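Student: Supplied structure: upload13.cif, mmCIF, C-alpha atoms.
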data_coords
#
loop_
_atom_site.group_PDB
_atom_site.id
_atom_site.type_symbol
_atom_site.label_atom_id
_atom_site.label_comp_id
_atom_site.auth_asym_id
_atom_site.auth_seq_id
_atom_site.Cartn_x
_atom_site.Cartn_y
_atom_site.Cartn_z
ATOM 1 C CA MET Q 1 0.000 0.000 0.000
ATOM 2 C CA ARG Q 2 1.021 3.569 -0.591
ATOM 3 C CA VAL Q 3 0.797 6.516 1.792
ATOM 4 C CA PHE Q 4 -1.552 9.327 0.805
ATOM 5 C CA GLN Q 5 -2.152 12.823 2.096
ATOM 6 C CA VAL Q 6 -5.560 14.504 1.808
ATOM 7 C CA ARG Q 7 -5.386 18.287 1.864
ATOM 8 C CA GLN Q 8 -8.123 20.935 1.794
ATOM 9 C CA THR Q 9 -7.276 22.934 -1.322
ATOM 10 C CA ARG Q 10 -8.536 26.339 -0.205
ATOM 11 C CA THR Q 11 -6.703 26.497 3.137
ATOM 12 C CA GLY Q 12 -3.934 23.973 2.623
ATOM 13 C CA ALA Q 13 -4.923 22.160 5.822
ATOM 14 C CA ILE Q 14 -3.929 18.503 5.932
ATOM 15 C CA LEU Q 15 -7.032 16.496 6.820
ATOM 16 C CA TRP Q 16 -5.618 12.967 6.771
ATOM 17 C CA VAL Q 17 -2.421 11.005 6.138
ATOM 18 C CA GLY Q 18 -2.404 7.232 5.912
ATOM 19 C CA GLU Q 19 -2.104 4.066 3.886
ATOM 20 C CA ALA Q 20 -4.582 3.201 1.160
ATOM 21 C CA PRO Q 21 -4.584 1.123 -2.034
ATOM 22 C CA SER Q 22 -5.586 4.084 -4.259
ATOM 23 C CA ARG Q 23 -6.426 7.793 -4.271
ATOM 24 C CA GLU Q 24 -10.165 7.048 -4.279
ATOM 25 C CA GLN Q 25 -9.857 4.661 -1.349
ATOM 26 C CA ALA Q 26 -7.770 7.214 0.537
ATOM 27 C CA LEU Q 27 -10.871 9.426 0.655
ATOM 28 C CA ASP Q 28 -12.904 6.523 2.024
ATOM 29 C CA CYS Q 29 -10.215 5.826 4.646
ATOM 30 C CA MET Q 30 -10.209 9.505 5.666
ATOM 31 C CA ALA Q 31 -13.996 9.502 6.013
ATOM 32 C CA HIS Q 32 -13.947 6.262 7.996
ATOM 33 C CA ALA Q 33 -11.330 7.702 10.378
ATOM 34 C CA ALA Q 34 -13.679 10.671 10.902
ATOM 35 C CA GLY Q 35 -16.549 8.314 11.830
ATOM 36 C CA TYR Q 36 -18.381 8.072 8.506
ATOM 37 C CA MET Q 37 -19.154 4.893 6.558
ATOM 38 C CA ASP Q 38 -17.295 6.190 3.482
ATOM 39 C CA PHE Q 39 -16.554 9.409 1.605
ATOM 40 C CA ALA Q 40 -19.967 9.396 -0.091
ATOM 41 C CA HIS Q 41 -21.626 9.621 3.350
ATOM 42 C CA MET Q 42 -19.422 12.474 4.559
ATOM 43 C CA PRO Q 43 -21.126 15.895 4.476
ATOM 44 C CA SER Q 44 -19.425 18.392 2.186
ATOM 45 C CA GLN Q 45 -19.160 20.881 5.072
ATOM 46 C CA ALA Q 46 -16.875 18.438 6.915
ATOM 47 C CA CYS Q 47 -14.266 18.730 4.149
ATOM 48 C CA GLY Q 48 -14.586 22.423 3.454
ATOM 49 C CA GLY Q 49 -14.671 22.144 -0.340
ATOM 50 C CA ASP Q 50 -12.209 20.793 -2.871
ATOM 51 C CA LEU Q 51 -9.699 18.190 -1.745
ATOM 52 C CA GLN Q 52 -6.289 17.303 -3.094
ATOM 53 C CA VAL Q 53 -5.183 13.681 -2.702
ATOM 54 C CA GLU Q 54 -1.539 12.893 -3.361
ATOM 55 C CA ALA Q 55 0.778 9.960 -2.768
ATOM 56 C CA ILE Q 56 3.676 10.891 -0.509
ATOM 57 C CA SER Q 57 6.930 9.214 0.403
ATOM 58 C CA LEU Q 58 8.137 9.078 3.965
#
Let me see the structure of the file written as structure tokens.

Tutor:
Amino acid sequence: MRVFQVRQTRTGAILWVGEAPSREQALDCMAHAAGYMDFAHMPSQACGGDLQVEAISL
């Protein structure tokens, strides 16, 4: 698995960092860590708008 970082585009705030199989699943992992079933069930206000998902190396 790769490590991804999810960042709120407008503010640059990092919302989540962790392992996931893909960019799309990284959003689901972030939502699950926040207590939601998956990203589709996460309210848009919780993310604050557009998100940037990128693979990072540690």

Student: Excluding same-chain residues fewer than 6 positions from segment 21-37 of chain Q, what lies within 8 Å of it counting all atoms listed in the file, as a list in words?

Tutor: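 Near neighbours after the sequence-gap exclusion: Met1, Arg2, Phe4, Val6, Leu15, Val53, Glu54 and Ala55 of chain Q.
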
Student: List, as an mmCIF file with C-alpha atoms, keeping the file's coordinate frame, every residue that the PyMOL selection byres ((chain Q and resi 14) around 12) selects in the file provided.

Tutor:
data_model
loop_
_atom_site.group_PDB
_atom_site.id
_atom_site.type_symbol
_atom_site.label_atom_id
_atom_site.label_comp_id
_atom_site.auth_asym_id
_atom_site.auth_seq_id
_atom_site.Cartn_x
_atom_site.Cartn_y
_atom_site.Cartn_z
ATOM 1 C CA PHE Q 4 -1.552 9.327 0.805
ATOM 2 C CA GLN Q 5 -2.152 12.823 2.096
ATOM 3 C CA VAL Q 6 -5.560 14.504 1.808
ATOM 4 C CA ARG Q 7 -5.386 18.287 1.864
ATOM 5 C CA GLN Q 8 -8.123 20.935 1.794
ATOM 6 C CA THR Q 9 -7.276 22.934 -1.322
ATOM 7 C CA ARG Q 10 -8.536 26.339 -0.205
ATOM 8 C CA THR Q 11 -6.703 26.497 3.137
ATOM 9 C CA GLY Q 12 -3.934 23.973 2.623
ATOM 10 C CA ALA Q 13 -4.923 22.160 5.822
ATOM 11 C CA LEU Q 15 -7.032 16.496 6.820
ATOM 12 C CA TRP Q 16 -5.618 12.967 6.771
ATOM 13 C CA VAL Q 17 -2.421 11.005 6.138
ATOM 14 C CA GLY Q 18 -2.404 7.232 5.912
ATOM 15 C CA MET Q 30 -10.209 9.505 5.666
ATOM 16 C CA CYS Q 47 -14.266 18.730 4.149
ATOM 17 C CA GLY Q 48 -14.586 22.423 3.454
ATOM 18 C CA LEU Q 51 -9.699 18.190 -1.745
ATOM 19 C CA GLN Q 52 -6.289 17.303 -3.094
ATOM 20 C CA VAL Q 53 -5.183 13.681 -2.702
ATOM 21 C CA GLU Q 54 -1.539 12.893 -3.361
#

Student: Each side padded by 5 Å, which centre and which edge lengths in Å (one decimal) define the axis-aligned box around the listed atoms of segment 35-47 of chain Q? Give them as JSON.

Tutor:
{"center_x": -17.9, "center_y": 12.9, "center_z": 5.9, "size_x": 17.4, "size_y": 26.0, "size_z": 21.9}

Student: Mind rebuilding segment 31-55 of chain Q with N, CA, C and O atoms and writing that out as an mmCIF file, in the coordinates of the input?

Tutor:
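Saved result, result-v9.cif, follows:
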data_model
loop_
_atom_site.group_PDB
_atom_site.id
_atom_site.type_symbol
_atom_site.label_atom_id
_atom_site.label_comp_id
_atom_site.auth_asym_id
_atom_site.auth_seq_id
_atom_site.Cartn_x
_atom_site.Cartn_y
_atom_site.Cartn_z
ATOM 1 N N ALA Q 31 -12.634 9.388 5.510
ATOM 2 C CA ALA Q 31 -13.996 9.502 6.013
ATOM 3 C C ALA Q 31 -14.247 8.501 7.136
ATOM 4 O O ALA Q 31 -14.864 8.838 8.156
ATOM 5 N N HIS Q 32 -13.764 7.289 6.967
ATOM 6 C CA HIS Q 32 -13.947 6.262 7.996
ATOM 7 C C HIS Q 32 -13.251 6.674 9.300
ATOM 8 O O HIS Q 32 -13.812 6.506 10.387
ATOM 9 N N ALA Q 33 -12.058 7.233 9.195
ATOM 10 C CA ALA Q 33 -11.330 7.702 10.378
ATOM 11 C C ALA Q 33 -12.086 8.829 11.086
ATOM 12 O O ALA Q 33 -11.951 9.007 12.296
ATOM 13 N N ALA Q 34 -12.891 9.572 10.330
ATOM 14 C CA ALA Q 34 -13.679 10.671 10.902
ATOM 15 C C ALA Q 34 -15.038 10.194 11.421
ATOM 16 O O ALA Q 34 -15.835 10.997 11.895
ATOM 17 N N GLY Q 35 -15.308 8.862 11.295
ATOM 18 C CA GLY Q 35 -16.549 8.314 11.830
ATOM 19 C C GLY Q 35 -17.656 8.100 10.824
ATOM 20 O O GLY Q 35 -18.777 7.778 11.208
ATOM 21 N N TYR Q 36 -17.371 8.271 9.549
ATOM 22 C CA TYR Q 36 -18.381 8.072 8.506
ATOM 23 C C TYR Q 36 -18.175 6.720 7.838
ATOM 24 O O TYR Q 36 -17.082 6.156 7.876
ATOM 25 N N MET Q 37 -19.238 6.194 7.210
ATOM 26 C CA MET Q 37 -19.154 4.893 6.558
ATOM 27 C C MET Q 37 -18.173 4.924 5.390
ATOM 28 O O MET Q 37 -17.388 4.015 5.201
ATOM 29 N N ASP Q 38 -18.223 5.990 4.591
ATOM 30 C CA ASP Q 38 -17.295 6.190 3.482
ATOM 31 C C ASP Q 38 -17.395 7.640 3.041
ATOM 32 O O ASP Q 38 -18.155 8.414 3.613
ATOM 33 N N PHE Q 39 -16.603 8.008 2.035
ATOM 34 C CA PHE Q 39 -16.554 9.409 1.605
ATOM 35 C C PHE Q 39 -17.900 9.895 1.082
ATOM 36 O O PHE Q 39 -18.262 11.054 1.288
ATOM 37 N N ALA Q 40 -18.658 9.014 0.446
ATOM 38 C CA ALA Q 40 -19.967 9.396 -0.091
ATOM 39 C C ALA Q 40 -20.939 9.808 1.021
ATOM 40 O O ALA Q 40 -21.850 10.598 0.786
ATOM 41 N N HIS Q 41 -20.745 9.298 2.231
ATOM 42 C CA HIS Q 41 -21.626 9.621 3.350
ATOM 43 C C HIS Q 41 -21.122 10.798 4.187
ATOM 44 O O HIS Q 41 -21.768 11.201 5.144
ATOM 45 N N MET Q 42 -20.002 11.349 3.813
ATOM 46 C CA MET Q 42 -19.422 12.474 4.559
ATOM 47 C C MET Q 42 -20.022 13.786 4.052
ATOM 48 O O MET Q 42 -20.023 14.038 2.852
ATOM 49 N N PRO Q 43 -20.557 14.623 4.938
ATOM 50 C CA PRO Q 43 -21.126 15.895 4.476
ATOM 51 C C PRO Q 43 -20.048 16.803 3.884
ATOM 52 O O PRO Q 43 -18.910 16.817 4.359
ATOM 53 N N SER Q 44 -20.400 17.536 2.855
ATOM 54 C CA SER Q 44 -19.425 18.392 2.186
ATOM 55 C C SER Q 44 -18.861 19.453 3.127
ATOM 56 O O SER Q 44 -17.716 19.877 2.977
ATOM 57 N N GLN Q 45 -19.639 19.874 4.118
ATOM 58 C CA GLN Q 45 -19.160 20.881 5.072
ATOM 59 C C GLN Q 45 -18.000 20.341 5.915
ATOM 60 O O GLN Q 45 -17.165 21.097 6.391
ATOM 61 N N ALA Q 46 -17.940 19.037 6.108
ATOM 62 C CA ALA Q 46 -16.875 18.438 6.915
ATOM 63 C C ALA Q 46 -15.519 18.568 6.228
ATOM 64 O O ALA Q 46 -14.485 18.610 6.888
ATOM 65 N N CYS Q 47 -15.525 18.640 4.903
ATOM 66 C CA CYS Q 47 -14.266 18.730 4.149
ATOM 67 C C CYS Q 47 -13.901 20.162 3.809
ATOM 68 O O CYS Q 47 -12.741 20.451 3.540
ATOM 69 N N GLY Q 48 -14.864 21.029 3.760
ATOM 70 C CA GLY Q 48 -14.586 22.423 3.454
ATOM 71 C C GLY Q 48 -14.346 22.716 1.986
ATOM 72 O O GLY Q 48 -13.701 23.694 1.649
ATOM 73 N N GLY Q 49 -14.807 21.860 1.096
ATOM 74 C CA GLY Q 49 -14.671 22.144 -0.340
ATOM 75 C C GLY Q 49 -13.792 21.160 -1.068
ATOM 76 O O GLY Q 49 -13.764 19.982 -0.745
ATOM 77 N N ASP Q 50 -13.040 21.652 -2.030
ATOM 78 C CA ASP Q 50 -12.209 20.793 -2.871
ATOM 79 C C ASP Q 50 -11.063 20.176 -2.078
ATOM 80 O O ASP Q 50 -10.456 20.818 -1.233
ATOM 81 N N LEU Q 51 -10.775 18.907 -2.409
ATOM 82 C CA LEU Q 51 -9.699 18.190 -1.745
ATOM 83 C C LEU Q 51 -8.633 17.796 -2.751
ATOM 84 O O LEU Q 51 -8.922 17.509 -3.907
ATOM 85 N N GLN Q 52 -7.411 17.764 -2.285
ATOM 86 C CA GLN Q 52 -6.289 17.303 -3.094
ATOM 87 C C GLN Q 52 -5.759 16.038 -2.432
ATOM 88 O O GLN Q 52 -5.461 16.038 -1.233
ATOM 89 N N VAL Q 53 -5.691 14.951 -3.202
ATOM 90 C CA VAL Q 53 -5.183 13.681 -2.702
ATOM 91 C C VAL Q 53 -3.893 13.385 -3.448
ATOM 92 O O VAL Q 53 -3.877 13.350 -4.665
ATOM 93 N N GLU Q 54 -2.804 13.188 -2.707
ATOM 94 C CA GLU Q 54 -1.539 12.893 -3.361
ATOM 95 C C GLU Q 54 -0.781 11.813 -2.608
ATOM 96 O O GLU Q 54 -0.844 11.728 -1.375
ATOM 97 N N ALA Q 55 -0.087 10.971 -3.368
ATOM 98 C CA ALA Q 55 0.778 9.960 -2.768
ATOM 99 C C ALA Q 55 2.035 10.670 -2.264
ATOM 100 O O ALA Q 55 2.560 11.566 -2.912
#
